[in-house]
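Structure file entry.pdb (PDB, C-alpha atoms) follows.
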```
MODEL        1
ATOM      1  CA  MET A 530      21.343  -1.491  40.587
ATOM      2  CA  ALA A 531      22.292   0.652  37.579
ATOM      3  CA  PHE A 532      19.603   1.527  35.034
ATOM      4  CA  GLN A 533      19.702  -0.947  32.148
ATOM      5  CA  LYS A 534      19.074   0.346  28.632
ATOM      6  CA  ILE A 535      17.395  -2.312  26.537
ATOM      7  CA  THR A 536      17.886  -0.014  23.547
ATOM      8  CA  GLU A 537      21.670  -0.436  23.958
ATOM      9  CA  GLN A 538      21.661  -4.218  24.302
ATOM     10  CA  PRO A 539      23.443  -6.262  21.593
ATOM     11  CA  SER A 540      21.517  -6.977  18.419
ATOM     12  CA  HIS A 541      19.974 -10.415  18.026
ATOM     13  CA  TYR A 542      21.738 -10.590  14.660
ATOM     14  CA  ARG A 543      25.462 -11.153  14.111
ATOM     15  CA  GLN A 544      27.914 -10.571  11.268
ATOM     16  CA  LEU A 545      25.621  -8.185   9.405
ATOM     17  CA  GLU A 546      28.375  -7.400   6.924
ATOM     18  CA  LYS A 547      28.243 -11.004   5.673
ATOM     19  CA  MET A 548      24.527 -10.915   4.909
ATOM     20  CA  THR A 549      23.246 -10.426   1.381
ATOM     21  CA  VAL A 550      21.182  -7.362   0.600
ATOM     22  CA  GLY A 551      18.071  -9.517   0.567
ATOM     23  CA  GLU A 552      18.893 -11.012   3.953
ATOM     24  CA  LEU A 553      19.508  -7.580   5.438
ATOM     25  CA  LEU A 554      16.176  -6.272   4.169
ATOM     26  CA  ILE A 555      14.235  -9.323   5.327
ATOM     27  CA  ASN A 556      15.764  -9.203   8.801
ATOM     28  CA  ILE A 557      15.251  -5.452   9.206
ATOM     29  CA  ASN A 558      11.648  -5.865   8.110
ATOM     30  CA  GLN A 559      11.201  -8.749  10.529
ATOM     31  CA  GLU A 560      12.376  -6.553  13.400
ATOM     32  CA  ASP A 561      10.202  -3.636  12.248
ATOM     33  CA  GLN A 562       7.114  -5.838  12.432
ATOM     34  CA  THR A 563       7.518  -6.070  16.207
ATOM     35  CA  VAL A 564       7.074  -2.315  16.670
ATOM     36  CA  PRO A 565       3.278  -1.940  16.243
ATOM     37  CA  SER A 566       2.687  -4.634  18.847
ATOM     38  CA  ALA A 567       4.911  -2.806  21.331
ATOM     39  CA  VAL A 568       3.044   0.435  20.612
ATOM     40  CA  GLY A 569      -0.260  -1.338  21.115
ATOM     41  CA  LYS A 570       0.745  -2.362  24.618
ATOM     42  CA  ALA A 571       1.328   1.309  25.445
ATOM     43  CA  ILE A 572      -2.086   2.548  24.281
ATOM     44  CA  PRO A 573      -3.422   3.071  27.840
ATOM     45  CA  GLN A 574      -0.470   5.397  28.497
ATOM     46  CA  ILE A 575      -0.882   7.125  25.137
ATOM     47  CA  GLU A 576      -4.601   7.615  25.787
ATOM     48  CA  LYS A 577      -4.009   9.468  29.049
ATOM     49  CA  LEU A 578      -1.513  11.843  27.461
ATOM     50  CA  ALA A 579      -3.593  12.453  24.318
ATOM     51  CA  GLU A 580      -6.713  13.235  26.359
ATOM     52  CA  LEU A 581      -4.847  15.698  28.522
ATOM     53  CA  ALA A 582      -3.153  17.331  25.518
ATOM     54  CA  ALA A 583      -6.537  17.835  23.843
ATOM     55  CA  ASP A 584      -7.976  19.339  27.034
ATOM     56  CA  LYS A 585      -5.036  21.738  27.381
ATOM     57  CA  MET A 586      -5.306  22.868  23.768
ATOM     58  CA  LEU A 587      -9.077  23.265  23.924
ATOM     59  CA  MET A 588      -8.452  25.675  26.806
ATOM     60  CA  GLY A 589      -6.021  27.725  24.736
ATOM     61  CA  GLY A 590      -2.759  25.976  25.523
ATOM     62  CA  ARG A 591      -0.064  24.667  23.223
ATOM     63  CA  MET A 592       1.696  21.317  22.835
ATOM     64  CA  PHE A 593       5.505  21.201  22.925
ATOM     65  CA  TYR A 594       7.740  18.361  21.836
ATOM     66  CA  ILE A 595      11.316  18.510  23.102
ATOM     67  CA  GLY A 596      14.099  16.082  22.281
ATOM     68  CA  ALA A 597      17.626  15.573  20.982
ATOM     69  CA  GLY A 598      18.976  13.881  17.867
ATOM     70  CA  THR A 599      16.529  11.575  16.096
ATOM     71  CA  SER A 600      13.934  12.066  18.833
ATOM     72  CA  GLY A 601      14.085  15.840  18.468
ATOM     73  CA  ARG A 602      13.847  15.637  14.683
ATOM     74  CA  LEU A 603      10.781  13.412  14.896
ATOM     75  CA  GLY A 604       9.087  15.940  17.168
ATOM     76  CA  ILE A 605       9.851  18.750  14.728
ATOM     77  CA  VAL A 606       8.479  16.729  11.811
ATOM     78  CA  ASP A 607       5.215  16.026  13.626
ATOM     79  CA  ALA A 608       4.816  19.621  14.814
ATOM     80  CA  SER A 609       5.581  21.099  11.395
ATOM     81  CA  GLU A 610       2.976  18.933   9.675
ATOM     82  CA  CYS A 611       0.046  19.996  11.871
ATOM     83  CA  PRO A 612      -0.583  23.431  10.270
ATOM     84  CA  PRO A 613      -0.689  22.299   6.619
ATOM     85  CA  THR A 614      -2.627  19.126   7.415
ATOM     86  CA  TYR A 615      -5.177  20.557   9.818
ATOM     87  CA  GLY A 616      -5.114  24.303   9.192
ATOM     88  CA  VAL A 617      -4.095  25.172  12.747
ATOM     89  CA  PRO A 618      -1.782  28.146  13.366
ATOM     90  CA  TYR A 619       1.960  27.689  13.396
ATOM     91  CA  GLY A 620       2.991  27.778  17.032
ATOM     92  CA  LEU A 621       0.122  25.638  18.325
ATOM     93  CA  VAL A 622       2.319  22.541  18.191
ATOM     94  CA  ILE A 623       6.013  23.346  18.678
ATOM     95  CA  GLY A 624       9.027  21.103  18.195
ATOM     96  CA  ILE A 625      12.273  21.935  20.005
ATOM     97  CA  ILE A 626      15.570  20.141  19.428
ATOM     98  CA  ALA A 627      18.808  20.257  21.410
ATOM     99  CA  GLY A 628      21.303  22.324  19.460
ATOM    100  CA  GLY A 629      18.694  24.434  17.668
ATOM    101  CA  GLU A 630      17.935  24.543  13.946
ATOM    102  CA  LYS A 631      21.415  23.356  12.969
ATOM    103  CA  ALA A 632      20.723  20.072  14.765
ATOM    104  CA  ILE A 633      17.809  19.290  12.433
ATOM    105  CA  THR A 634      20.249  18.283   9.689
ATOM    106  CA  ALA A 635      23.576  17.871  11.504
ATOM    107  CA  ALA A 636      24.712  16.531  14.852
ATOM    108  CA  VAL A 637      25.580  19.219  17.395
ATOM    109  CA  GLU A 638      28.191  17.815  19.760
ATOM    110  CA  PHE A 639      27.170  17.428  23.395
ATOM    111  CA  ALA A 640      23.960  19.472  22.946
ATOM    112  CA  GLU A 641      21.897  16.682  24.485
ATOM    113  CA  ASP A 642      24.100  16.627  27.583
ATOM    114  CA  ASP A 643      23.186  20.156  28.706
ATOM    115  CA  ARG A 644      20.678  19.671  31.518
ATOM    116  CA  GLU A 645      19.740  23.361  31.704
ATOM    117  CA  GLN A 646      19.384  24.297  28.034
ATOM    118  CA  GLY A 647      16.089  22.488  27.447
ATOM    119  CA  TRP A 648      14.284  24.739  29.912
ATOM    120  CA  LYS A 649      15.978  27.817  28.451
ATOM    121  CA  ASP A 650      14.761  26.807  24.995
ATOM    122  CA  LEU A 651      11.210  26.404  26.304
ATOM    123  CA  LEU A 652      11.376  29.843  27.903
ATOM    124  CA  GLU A 653      12.072  31.368  24.489
ATOM    125  CA  HIS A 654       8.512  30.343  23.618
ATOM    126  CA  GLN A 655       7.062  31.711  26.865
ATOM    127  CA  VAL A 656       5.972  28.254  28.006
ATOM    128  CA  SER A 657       3.406  28.369  30.811
ATOM    129  CA  ASP A 658       1.104  26.163  32.853
ATOM    130  CA  LYS A 659      -1.498  26.497  30.097
ATOM    131  CA  ASP A 660       0.711  24.313  27.898
ATOM    132  CA  ILE A 661       1.760  20.666  27.849
ATOM    133  CA  VAL A 662       5.371  19.599  27.257
ATOM    134  CA  ILE A 663       6.250  16.138  25.905
ATOM    135  CA  GLY A 664       9.849  14.979  26.199
ATOM    136  CA  ILE A 665      11.038  12.493  23.588
ATOM    137  CA  ALA A 666      14.076  10.334  24.376
ATOM    138  CA  ALA A 667      14.529   6.789  23.090
ATOM    139  CA  SER A 668      17.060   5.954  25.803
ATOM    140  CA  GLY A 669      15.054   7.733  28.475
ATOM    141  CA  THR A 670      18.259   9.251  29.837
ATOM    142  CA  THR A 671      18.838  12.423  27.772
ATOM    143  CA  PRO A 672      19.857  15.206  30.217
ATOM    144  CA  TYR A 673      18.557  17.972  27.921
ATOM    145  CA  VAL A 674      15.060  16.466  28.022
ATOM    146  CA  ILE A 675      15.049  15.374  31.663
ATOM    147  CA  GLY A 676      16.184  18.798  32.859
ATOM    148  CA  ALA A 677      13.442  20.505  30.865
ATOM    149  CA  LEU A 678      10.730  18.229  32.273
ATOM    150  CA  GLU A 679      11.970  18.671  35.835
ATOM    151  CA  GLU A 680      11.849  22.460  35.502
ATOM    152  CA  CYS A 681       8.339  22.209  34.061
ATOM    153  CA  ARG A 682       7.221  20.130  37.029
ATOM    154  CA  LYS A 683       8.555  22.739  39.461
ATOM    155  CA  ARG A 684       6.337  25.320  37.761
ATOM    156  CA  GLY A 685       3.177  23.258  37.489
ATOM    157  CA  ILE A 686       3.473  22.633  33.746
ATOM    158  CA  VAL A 687       2.025  19.241  32.834
ATOM    159  CA  THR A 688       4.482  16.920  31.114
ATOM    160  CA  GLY A 689       4.570  13.674  29.185
ATOM    161  CA  SER A 690       7.375  11.564  27.784
ATOM    162  CA  ILE A 691       7.994   9.003  25.055
ATOM    163  CA  SER A 692      10.829   6.537  25.592
ATOM    164  CA  CYS A 693      11.784   2.979  24.677
ATOM    165  CA  ASN A 694      13.228   1.717  27.961
ATOM    166  CA  PRO A 695      11.116   0.737  30.979
ATOM    167  CA  ASP A 696      11.338   2.712  34.209
ATOM    168  CA  SER A 697      13.716   5.262  32.722
ATOM    169  CA  PRO A 698      14.754   8.604  34.268
ATOM    170  CA  VAL A 699      12.710  10.527  31.717
ATOM    171  CA  SER A 700       9.612   8.562  32.754
ATOM    172  CA  ALA A 701      10.283   9.510  36.377
ATOM    173  CA  ALA A 702      10.498  13.172  35.358
ATOM    174  CA  ALA A 703       7.190  13.114  33.432
ATOM    175  CA  ASP A 704       3.633  13.252  34.763
ATOM    176  CA  PHE A 705       2.364  11.025  31.957
ATOM    177  CA  PRO A 706       5.130   8.732  30.684
ATOM    178  CA  ILE A 707       4.791   6.512  27.617
ATOM    179  CA  GLU A 708       7.155   3.558  27.345
ATOM    180  CA  VAL A 709       7.296   1.564  24.109
ATOM    181  CA  VAL A 710       9.791  -1.243  24.672
ATOM    182  CA  VAL A 711      10.889  -2.481  21.258
ATOM    183  CA  GLY A 712      13.994  -4.369  22.372
ATOM    184  CA  PRO A 713      17.533  -4.272  20.958
ATOM    185  CA  GLU A 714      18.051  -2.643  17.583
ATOM    186  CA  PHE A 715      19.065  -4.496  14.400
ATOM    187  CA  VAL A 716      22.283  -2.478  14.459
ATOM    188  CA  THR A 717      23.238  -2.363  18.142
ATOM    189  CA  GLY A 718      22.288   0.963  19.694
ATOM    190  CA  SER A 719      20.961   2.512  16.465
ATOM    191  CA  THR A 720      17.789   3.925  17.968
ATOM    192  CA  ARG A 721      16.845   5.726  14.759
ATOM    193  CA  MET A 722      15.537   2.304  13.695
ATOM    194  CA  LYS A 723      12.865   0.507  15.782
ATOM    195  CA  SER A 724      12.861   3.094  18.561
ATOM    196  CA  GLY A 725      12.514   5.928  16.052
ATOM    197  CA  THR A 726       9.704   4.089  14.278
ATOM    198  CA  ALA A 727       7.912   3.569  17.582
ATOM    199  CA  GLN A 728       8.254   7.237  18.510
ATOM    200  CA  LYS A 729       6.944   8.317  15.112
ATOM    201  CA  LEU A 730       3.917   6.049  15.470
ATOM    202  CA  VAL A 731       3.150   7.420  18.928
ATOM    203  CA  LEU A 732       3.517  11.021  17.752
ATOM    204  CA  ASN A 733       1.172  10.283  14.844
ATOM    205  CA  MET A 734      -1.360   8.872  17.280
ATOM    206  CA  ILE A 735      -1.174  11.790  19.684
ATOM    207  CA  SER A 736      -1.291  14.640  17.170
ATOM    208  CA  THR A 737      -3.961  13.023  14.982
ATOM    209  CA  THR A 738      -6.180  12.256  17.967
ATOM    210  CA  VAL A 739      -5.710  15.763  19.364
ATOM    211  CA  MET A 740      -6.538  17.419  16.036
ATOM    212  CA  ILE A 741      -9.694  15.350  15.686
ATOM    213  CA  GLN A 742     -10.678  16.338  19.228
ATOM    214  CA  LEU A 743     -10.086  19.986  18.277
ATOM    215  CA  GLY A 744     -12.592  19.633  15.438
ATOM    216  CA  ARG A 745     -10.043  19.807  12.626
ATOM    217  CA  VAL A 746     -11.393  16.662  10.917
ATOM    218  CA  GLU A 747     -14.929  15.961   9.728
ATOM    219  CA  ASP A 748     -15.951  12.394   8.922
ATOM    220  CA  ASN A 749     -12.523  11.158   7.803
ATOM    221  CA  LYS A 750     -11.502  14.253   5.849
ATOM    222  CA  MET A 751      -8.873  16.957   6.381
ATOM    223  CA  VAL A 752     -11.396  19.705   5.735
ATOM    224  CA  ASN A 753      -9.128  22.434   7.121
ATOM    225  CA  MET A 754      -5.925  21.538   5.255
ATOM    226  CA  GLN A 755      -3.924  24.347   3.674
ATOM    227  CA  LEU A 756      -4.044  24.541  -0.117
ATOM    228  CA  THR A 757      -0.305  24.754  -0.660
ATOM    229  CA  ASN A 758       0.069  22.840  -3.939
ATOM    230  CA  ASP A 759      -1.905  21.538  -6.924
ATOM    231  CA  LYS A 760      -2.272  18.076  -5.405
ATOM    232  CA  LEU A 761      -3.954  19.470  -2.306
ATOM    233  CA  VAL A 762      -6.164  21.790  -4.347
ATOM    234  CA  ASP A 763      -7.314  18.798  -6.392
ATOM    235  CA  ARG A 764      -7.894  16.738  -3.254
ATOM    236  CA  GLY A 765      -9.813  19.577  -1.645
ATOM    237  CA  THR A 766     -11.918  20.100  -4.758
ATOM    238  CA  ARG A 767     -12.970  16.462  -4.837
ATOM    239  CA  MET A 768     -13.675  16.494  -1.107
ATOM    240  CA  LEU A 769     -15.896  19.538  -1.576
ATOM    241  CA  MET A 770     -17.713  17.946  -4.515
ATOM    242  CA  GLU A 771     -18.447  14.861  -2.446
ATOM    243  CA  ARG A 772     -19.481  16.817   0.626
ATOM    244  CA  VAL A 773     -21.932  19.212  -1.033
ATOM    245  CA  LYS A 774     -22.968  16.899  -3.925
ATOM    246  CA  LEU A 775     -21.536  19.224  -6.558
ATOM    247  CA  SER A 776     -20.780  17.659  -9.966
ATOM    248  CA  ASP A 777     -18.997  20.616 -11.593
ATOM    249  CA  TYR A 778     -15.261  20.278 -10.845
ATOM    250  CA  GLU A 779     -14.279  23.780 -11.996
ATOM    251  CA  LYS A 780     -17.071  25.394 -10.007
ATOM    252  CA  ALA A 781     -16.063  23.463  -6.892
ATOM    253  CA  LYS A 782     -12.412  24.385  -7.417
ATOM    254  CA  ALA A 783     -13.218  28.070  -7.790
ATOM    255  CA  LEU A 784     -15.333  27.963  -4.634
ATOM    256  CA  LEU A 785     -12.562  26.216  -2.735
ATOM    257  CA  LEU A 786      -9.917  28.704  -3.792
ATOM    258  CA  LYS A 787     -12.181  31.617  -2.936
ATOM    259  CA  HIS A 788     -12.763  30.449   0.641
ATOM    260  CA  GLY A 789      -9.406  28.765   1.286
ATOM    261  CA  SER A 790     -10.574  25.472   2.798
ATOM    262  CA  VAL A 791     -13.107  22.705   2.240
ATOM    263  CA  LYS A 792     -14.883  23.553   5.486
ATOM    264  CA  LYS A 793     -15.239  27.268   4.752
ATOM    265  CA  ALA A 794     -16.357  26.591   1.195
ATOM    266  CA  ALA A 795     -18.963  24.070   2.315
ATOM    267  CA  ASP A 796     -20.172  26.359   5.109
ATOM    268  CA  SER A 797     -20.643  29.177   2.591
ATOM    269  CA  LEU A 798     -23.099  27.037   0.647
ATOM    270  CA  ALA A 799     -24.879  25.892   3.776
ATOM    271  CA  GLY A 800     -25.318  29.509   4.875
TER     272      GLY A 800
ENDMDL
END
```

Please go through the file and, once you have read it, give me the structure as structure tokens.
Amino acid sequence: MAFQKITEQPSHYRQLEKMTVGELLININQEDQTVPSAVGKAIPQIEKLAELAADKMLMGGRMFYIGAGTSGRLGIVDASECPPTYGVPYGLVIGIIAGGEKAITAAVEFAEDDREQGWKDLLEHQVSDKDIVIGIAASGTTPYVIGALEECRKRGIVTGSISCNPDSPVSAAADFPIEVVVGPEFVTGSTRMKSGTAQKLVLNMISTTVMIQLGRVEDNKMVNMQLTNDKLVDRGTRMLMERVKLSDYEKAKALLLKHGSVKKAADSLAG
């Protein structure tokens, strides 16, 4: 029996072009509300992968996301936000997309169909068995991703996957598959919608949990965030004031800027 893609099944809604703007928005929102429940059902799978990713990174490894199209872009977004949010080095979490940098903003024809290129792209980053590689593919059938995971498995590199179809080929290629089955899309086959939302939620869960496990959060604060704009400097100043019971805003700000992070500034006072 051929593999059935639920993500490609016909939408439950018909004649979208005849709907009013209000009807379109209400129906899209109604479909979106089903996503968190589908993610919730996958938490046991997400937990296994997040725990392993944290263990790998605590031992000096890195976390790779690899995908094509929307899935690849979502991985790059999540990876690129880890350094400024948590103060970790660039290159600790790495996003790779089929077609390279050009594919971040424009479709690269047939890039996702190259079964060998995913592994070649990983090799450019000297991937090793210290690392963990997570393939992202809404359909679960992307050759670029599947080929990369299969090559990783041959070399003892632990892998995970995030897809939106049950029992997909990408799940079979991964050691720790995550399947978030959100059903047909509002626009048939447009997996940037519910499937993309589901993948983004899962990536948020994994990276946030991993960063907390790595000690990059204290209480509920981003104490290691990079001070890259006035908003973050202000946020960091107020976090420092609260943490060390300092009432002078300008003094706290100067201390923060001197040390570069809330944690380092607070530790300087404690020392």

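With distances restricted to only C-alpha atoms, A:Arg591 is the closest residue to A:Pro618 from A:His654, A:His788, A:Arg772, A:Arg591.
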
Step by step: start from the point (-20.3, 27.4, -0.6) in the file's coordinates, keep every protein, DNA or RNA residue that has an atom no farther than 10 Å from it, count only C-alpha atoms, and write the set as a list in words.
->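 Applying the cut-off with only C-alpha atoms, one gets Leu769, Val773, Ala781, Leu784, Leu785, Lys787, His788, Val791, Lys792, Lys793, Ala794, Ala795, Asp796, Ser797, Leu798, Ala799 and Gly800 of chain A.
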
Go through the shown structure with the PyMOL selection byres ((chain A and resi 662) around 8) and write out the matching residues as a ChimeraX atom specification.
-> /A:592-595,660-661,663-664,678,681,686-689

Need to verify the contact set: A:Thr717, 7 Å, all atoms listed in the file, exclusion of same-chain residues closer than 5 positions in sequence. Can you return it as a compact mmCIF listing (two decimals) with C-alpha atoms, in the frame of the given file?
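Okay, this is what ended up in out_29.txt:
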```txt
# COMPACT_ATOMS: atom_id res chain seq x y z
CA GLU A 537 21.67 -0.44 23.96
CA GLN A 538 21.66 -4.22 24.30
CA PRO A 539 23.44 -6.26 21.59
CA SER A 540 21.52 -6.98 18.42
```

Taking the file as shown, what set of residues would the PyMOL selection byres ((chain A and resi 543-557) around 10) give back, as number ranges by chain?
-> A: 539-542, 558-562, 714-717, 722-723

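Here atom CA of A:Thr671 and atom CA of A:Glu576 stand 24.0 Å from one another.
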
Nearby residues (only C-alpha atoms) at most 12 Å from A:Ala727, same-chain spacing under 6 positions excluded, as a count of residues only = 33

What is the atom CA of A:Glu610 to atom CA of A:Arg767 distance in Å?
->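 So the two atoms, atom CA of A:Glu610 and atom CA of A:Arg767, lie 21.7 Å apart.
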
Counting all atoms listed in the file, which of A:Glu779, A:Asp650, A:Glu638, A:Asp696 gets nearest to A:Val674?
-> A:Asp650

Quick one: distance from atom CA of A:Met751 to atom CA of A:Gly765 in Å, one decimal?
->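 Between atom CA of A:Met751 and atom CA of A:Gly765 the gap works out to 8.5 Å.
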
Starting from the displayed file, determine the output of the PyMOL selection byres ((chain A and resi 632) around 12) and express the residue list as a ChimeraX atom specification.
-> /A:596-603,605,625-631,633-641

For the residues selected in the previous step, produce a file with C-alpha atoms as a CSV table (one decimal), in the coordinates of the input.
```csv
chain,number,residue,atom,x,y,z
A,596,GLY,CA,14.1,16.1,22.3
A,597,ALA,CA,17.6,15.6,21.0
A,598,GLY,CA,19.0,13.9,17.9
A,599,THR,CA,16.5,11.6,16.1
A,600,SER,CA,13.9,12.1,18.8
A,601,GLY,CA,14.1,15.8,18.5
A,602,ARG,CA,13.8,15.6,14.7
A,603,LEU,CA,10.8,13.4,14.9
A,605,ILE,CA,9.9,18.8,14.7
A,625,ILE,CA,12.3,21.9,20.0
A,626,ILE,CA,15.6,20.1,19.4
A,627,ALA,CA,18.8,20.3,21.4
A,628,GLY,CA,21.3,22.3,19.5
A,629,GLY,CA,18.7,24.4,17.7
A,630,GLU,CA,17.9,24.5,13.9
A,631,LYS,CA,21.4,23.4,13.0
A,633,ILE,CA,17.8,19.3,12.4
A,634,THR,CA,20.2,18.3,9.7
A,635,ALA,CA,23.6,17.9,11.5
A,636,ALA,CA,24.7,16.5,14.9
A,637,VAL,CA,25.6,19.2,17.4
A,638,GLU,CA,28.2,17.8,19.8
A,639,PHE,CA,27.2,17.4,23.4
A,640,ALA,CA,24.0,19.5,22.9
A,641,GLU,CA,21.9,16.7,24.5
```

For each of A:Pro613, A:Pro713, A:Gly669, A:Gly647, take the minimum atom-to-atom distance to A:Gln755, counting all atoms listed in the file, then give the residue where this is smallest.
->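 For A:Gln755, the nearest of the candidates is A:Pro613.
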
Tell me which protein, DNA and RNA residues are within 8 Å of A:Cys611, counting all atoms listed in the file, leaving out same-chain ones fewer than 5 positions away, and put them as a ChimeraX atom specification.
-> /A:616-617,622,736

Write out as a short mmCIF file (atom, residue, chain, number, x, y, z; two decimals) with C-alpha atoms, in the coordinates of the input the residues lying within 9 Å of A:Met740, counting only C-alpha atoms and excluding same-chain residues fewer than 3 positions away.
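Result went into out.cif, see below:
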```cif
data_model
loop_
_atom_site.label_atom_id
_atom_site.label_comp_id
_atom_site.auth_asym_id
_atom_site.auth_seq_id
_atom_site.Cartn_x
_atom_site.Cartn_y
_atom_site.Cartn_z
CA ALA A 583 -6.54 17.84 23.84
CA CYS A 611 0.05 20.00 11.87
CA TYR A 615 -5.18 20.56 9.82
CA VAL A 617 -4.10 25.17 12.75
CA ILE A 735 -1.17 11.79 19.68
CA SER A 736 -1.29 14.64 17.17
CA THR A 737 -3.96 13.02 14.98
CA LEU A 743 -10.09 19.99 18.28
CA GLY A 744 -12.59 19.63 15.44
CA ARG A 745 -10.04 19.81 12.63
CA VAL A 746 -11.39 16.66 10.92
#
```

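Among the candidates A:Met768, A:Leu761, A:Val699, A:Val606, the residue lying nearest to A:Asp748 is A:Met768 (atoms considered: all atoms listed in the file).
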
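In this comparison, which uses all atoms listed in the file, the residue of A:Ile675, A:Ala579, A:Ile623, A:Val739 approaching A:Gln655 most closely is A:Ile623.
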
Can you pull out every residue within 8 Å of A:Trp648, counting all atoms listed in the file, but drop anything in the same chain fewer than 2 positions away, and send it as JSON, numbers by chain?
-> {"A": [645, 646, 650, 651, 652, 676, 677, 678, 680, 681]}
